[in-house]
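**Q** Sharing a structure, written as C-alpha coordinates. Questions coming.
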Amino acid sequence: MVLGSDPNSVFPVLRRLTRSGLGGKMGDGKQYVSWIHVADFCRAVEWLMAHEELDGAVNIAAPEPVQNHEMMKILRQMCGMPIGLPAARWMLEVGAFILRTELS
(Lines give C-alpha, C1' and ligand atoms only; values in the text may rest on other atoms or scores of the structure.)
Protein backbone atom coordinates (compact mmCIF):
# COMPACT_ATOMS: atom_id res chain seq x y z
CA MET A 1 0.00 0.00 0.00
CA VAL A 2 1.55 3.29 -1.13
CA LEU A 3 0.55 6.17 1.14
CA GLY A 4 0.55 9.68 -0.26
CA SER A 5 -1.72 12.69 -0.51
CA ASP A 6 -2.42 12.31 -4.25
CA PRO A 7 -6.16 11.87 -4.92
CA ASN A 8 -5.44 8.47 -6.54
CA SER A 9 -3.62 7.20 -3.45
CA VAL A 10 -5.25 4.92 -0.91
CA PHE A 11 -4.58 7.41 1.91
CA PRO A 12 -7.33 9.94 0.99
CA VAL A 13 -9.81 7.06 0.77
CA LEU A 14 -8.82 5.74 4.20
CA ARG A 15 -8.87 9.27 5.66
CA ARG A 16 -12.37 9.89 4.25
CA LEU A 17 -13.65 6.60 5.69
CA THR A 18 -12.04 7.38 9.04
CA ARG A 19 -13.52 10.87 9.21
CA SER A 20 -16.92 9.35 8.42
CA GLY A 21 -16.67 7.07 11.46
CA LEU A 22 -15.89 3.98 9.38
CA GLY A 23 -12.23 3.74 10.41
CA GLY A 24 -12.48 0.62 12.52
CA LYS A 25 -10.64 -2.63 12.05
CA MET A 26 -11.27 -4.60 8.90
CA GLY A 27 -12.22 -8.21 9.46
CA ASP A 28 -10.47 -9.44 12.59
CA GLY A 29 -7.89 -6.64 12.30
CA LYS A 30 -4.97 -9.02 12.81
CA GLN A 31 -3.84 -9.04 9.19
CA TYR A 32 -0.56 -7.23 8.53
CA VAL A 33 -0.51 -4.24 6.21
CA SER A 34 2.65 -3.67 4.21
CA TRP A 35 2.88 0.02 3.42
CA ILE A 36 5.35 2.59 2.11
CA HIS A 37 5.29 6.36 1.74
CA VAL A 38 5.06 7.56 -1.86
CA ALA A 39 8.39 9.44 -1.63
CA ASP A 40 10.19 6.30 -0.43
CA PHE A 41 8.50 4.27 -3.15
CA CYS A 42 9.70 6.68 -5.85
CA ARG A 43 13.27 6.62 -4.47
CA ALA A 44 13.21 2.82 -4.43
CA VAL A 45 12.01 2.66 -8.04
CA GLU A 46 14.73 5.11 -9.10
CA TRP A 47 17.33 2.97 -7.32
CA LEU A 48 16.03 -0.19 -8.99
CA MET A 49 16.15 1.46 -12.41
CA ALA A 50 19.78 2.40 -11.78
CA HIS A 51 20.64 -1.23 -10.93
CA GLU A 52 19.77 -3.10 -14.10
CA GLU A 53 21.70 -6.14 -12.88
CA LEU A 54 18.79 -6.98 -10.57
CA ASP A 55 16.38 -9.52 -11.96
CA GLY A 56 13.03 -10.81 -10.81
CA ALA A 57 10.39 -9.55 -8.46
CA VAL A 58 11.24 -6.95 -5.84
CA ASN A 59 9.04 -6.11 -2.85
CA ILE A 60 9.10 -2.49 -1.74
CA ALA A 61 7.68 -1.75 1.72
CA ALA A 62 8.47 -0.05 5.01
CA PRO A 63 10.64 -2.27 7.24
CA GLU A 64 7.88 -3.07 9.76
CA PRO A 65 4.32 -3.82 8.65
CA VAL A 66 1.56 -3.03 11.13
CA GLN A 67 -1.58 -4.94 11.92
CA ASN A 68 -4.75 -3.49 10.42
CA HIS A 69 -6.29 -2.65 13.81
CA GLU A 70 -3.17 -0.66 14.75
CA MET A 71 -3.03 1.18 11.42
CA MET A 72 -6.69 2.17 11.70
CA LYS A 73 -6.12 3.32 15.30
CA ILE A 74 -3.29 5.60 14.08
CA LEU A 75 -5.51 6.97 11.30
CA ARG A 76 -8.29 7.69 13.80
CA GLN A 77 -5.81 9.54 16.04
CA MET A 78 -4.54 11.57 13.05
CA CYS A 79 -8.10 12.51 12.08
CA GLY A 80 -9.22 13.24 15.64
CA MET A 81 -11.91 10.58 15.36
CA PRO A 82 -12.45 8.74 18.66
CA ILE A 83 -14.48 5.89 17.15
CA GLY A 84 -14.35 3.73 14.07
CA LEU A 85 -17.01 1.23 13.18
CA PRO A 86 -15.48 -2.11 12.19
CA ALA A 87 -16.07 -3.76 8.83
CA ALA A 88 -17.08 -7.43 8.99
CA ARG A 89 -15.58 -9.84 6.48
CA TRP A 90 -18.80 -10.04 4.44
CA MET A 91 -18.74 -6.24 4.08
CA LEU A 92 -15.17 -6.41 2.81
CA GLU A 93 -16.15 -9.12 0.32
CA VAL A 94 -18.97 -6.94 -1.07
CA GLY A 95 -16.63 -3.94 -1.29
CA ALA A 96 -13.91 -5.97 -2.97
CA PHE A 97 -16.41 -7.23 -5.53
CA ILE A 98 -17.68 -3.72 -6.27
CA LEU A 99 -14.15 -2.31 -6.54
CA ARG A 100 -12.97 -5.37 -8.47
CA THR A 101 -10.12 -6.01 -6.05
CA GLU A 102 -8.86 -9.08 -4.29
CA LEU A 103 -9.69 -10.08 -0.74
CA SER A 104 -7.23 -12.45 0.87
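Chains: A, B, ... in order of the C-alpha coordinates. Residues: from 1 per chain. Ligands: from 1, in order shown.
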Could you give me, as a PyMOL selection string, each residue of chain A that DSSP assigns to strand (DSSP E or B) when run on this structure's backbone?

**A** chain A and resi 2-3+26+32-33+36-37+66-67+87

**Q** Please identify the alpha helix (DSSP H) residues within chain A (assignment by DSSP from backbone atoms) and present them as a VMD selection string.

**A** chain A and resid 10 to 19 38 to 50 68 to 79 89 to 99

**Q** Please identify all polymer residues within 12 Å of region 66-74 of chain A, counting only C-alpha atoms, omitting same-chain residues fewer than 4 positions from it, and present them as a count of residues only.

**A** 36

**Q** What's the 10 Å shell around Val58 (chain A), counting only C-alpha atoms, without same-chain residues fewer than 3 positions away, as a PyMOL selection string?

**A** chain A and resi 45+48+54-55+61

**Q** Could the residues in this selection be written to a file with all heavy atoms, as an mmCIF file, in the first residue's frame?

**A**
```cif
data_model
loop_
_atom_site.group_PDB
_atom_site.id
_atom_site.type_symbol
_atom_site.label_atom_id
_atom_site.label_comp_id
_atom_site.auth_asym_id
_atom_site.auth_seq_id
_atom_site.Cartn_x
_atom_site.Cartn_y
_atom_site.Cartn_z
ATOM 1 N N VAL A 45 12.131 2.948 -6.610
ATOM 2 C CA VAL A 45 12.006 2.661 -8.043
ATOM 3 C C VAL A 45 13.182 3.272 -8.807
ATOM 4 O O VAL A 45 13.757 2.625 -9.683
ATOM 5 C CB VAL A 45 10.654 3.164 -8.592
ATOM 6 C CG1 VAL A 45 10.625 3.105 -10.109
ATOM 7 C CG2 VAL A 45 9.515 2.345 -8.010
ATOM 8 N N LEU A 48 16.147 1.041 -8.214
ATOM 9 C CA LEU A 48 16.027 -0.194 -8.988
ATOM 10 C C LEU A 48 16.335 0.033 -10.466
ATOM 11 O O LEU A 48 16.987 -0.791 -11.110
ATOM 12 C CB LEU A 48 14.626 -0.791 -8.828
ATOM 13 C CG LEU A 48 14.312 -1.393 -7.465
ATOM 14 C CD1 LEU A 48 12.830 -1.664 -7.333
ATOM 15 C CD2 LEU A 48 15.132 -2.646 -7.237
ATOM 16 N N LEU A 54 19.802 -6.280 -11.367
ATOM 17 C CA LEU A 54 18.791 -6.981 -10.573
ATOM 18 C C LEU A 54 17.769 -7.613 -11.508
ATOM 19 O O LEU A 54 17.408 -7.042 -12.527
ATOM 20 C CB LEU A 54 18.097 -6.014 -9.619
ATOM 21 C CG LEU A 54 18.983 -5.427 -8.520
ATOM 22 C CD1 LEU A 54 18.220 -4.395 -7.733
ATOM 23 C CD2 LEU A 54 19.486 -6.526 -7.605
ATOM 24 N N ASP A 55 17.311 -8.787 -11.121
ATOM 25 C CA ASP A 55 16.379 -9.520 -11.964
ATOM 26 C C ASP A 55 15.317 -10.154 -11.084
ATOM 27 O O ASP A 55 15.597 -10.604 -9.974
ATOM 28 C CB ASP A 55 17.143 -10.604 -12.749
ATOM 29 C CG ASP A 55 16.264 -11.312 -13.755
ATOM 30 O OD1 ASP A 55 15.408 -10.648 -14.362
ATOM 31 O OD2 ASP A 55 16.440 -12.526 -13.932
ATOM 32 N N ALA A 61 8.572 -2.044 0.593
ATOM 33 C CA ALA A 61 7.683 -1.747 1.718
ATOM 34 C C ALA A 61 8.499 -1.183 2.868
ATOM 35 O O ALA A 61 9.720 -1.344 2.913
ATOM 36 C CB ALA A 61 6.949 -3.008 2.172
#
```

**Q** Which value, in Å to one decimal, gives the distance between CA of Pro12 (chain A) and CA of Pro63 (chain A)?

**A**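 Value for the CA of Pro12 (chain A)-CA of Pro63 (chain A) distance: 22.6 Å.
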
**Q** Just the number, please: distance in Å from CA of Gln77 (chain A) to CA of Gly95 (chain A), one decimal.

**A** 24.5 Å

**Q** May I ask which of the residues A:Val94, A:Ile60, A:Leu75, A:Leu99 is the closest one to Val38 (chain A), counting only C-alpha atoms?

**A**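 Distance minimum relative to Val38 (chain A) lands on A:Ile60.
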
**Q** Can you work out the spacing between CA of Asn59 (chain A) and CA of Arg43 (chain A) in Å, to one decimal?

**A** 13.5 Å
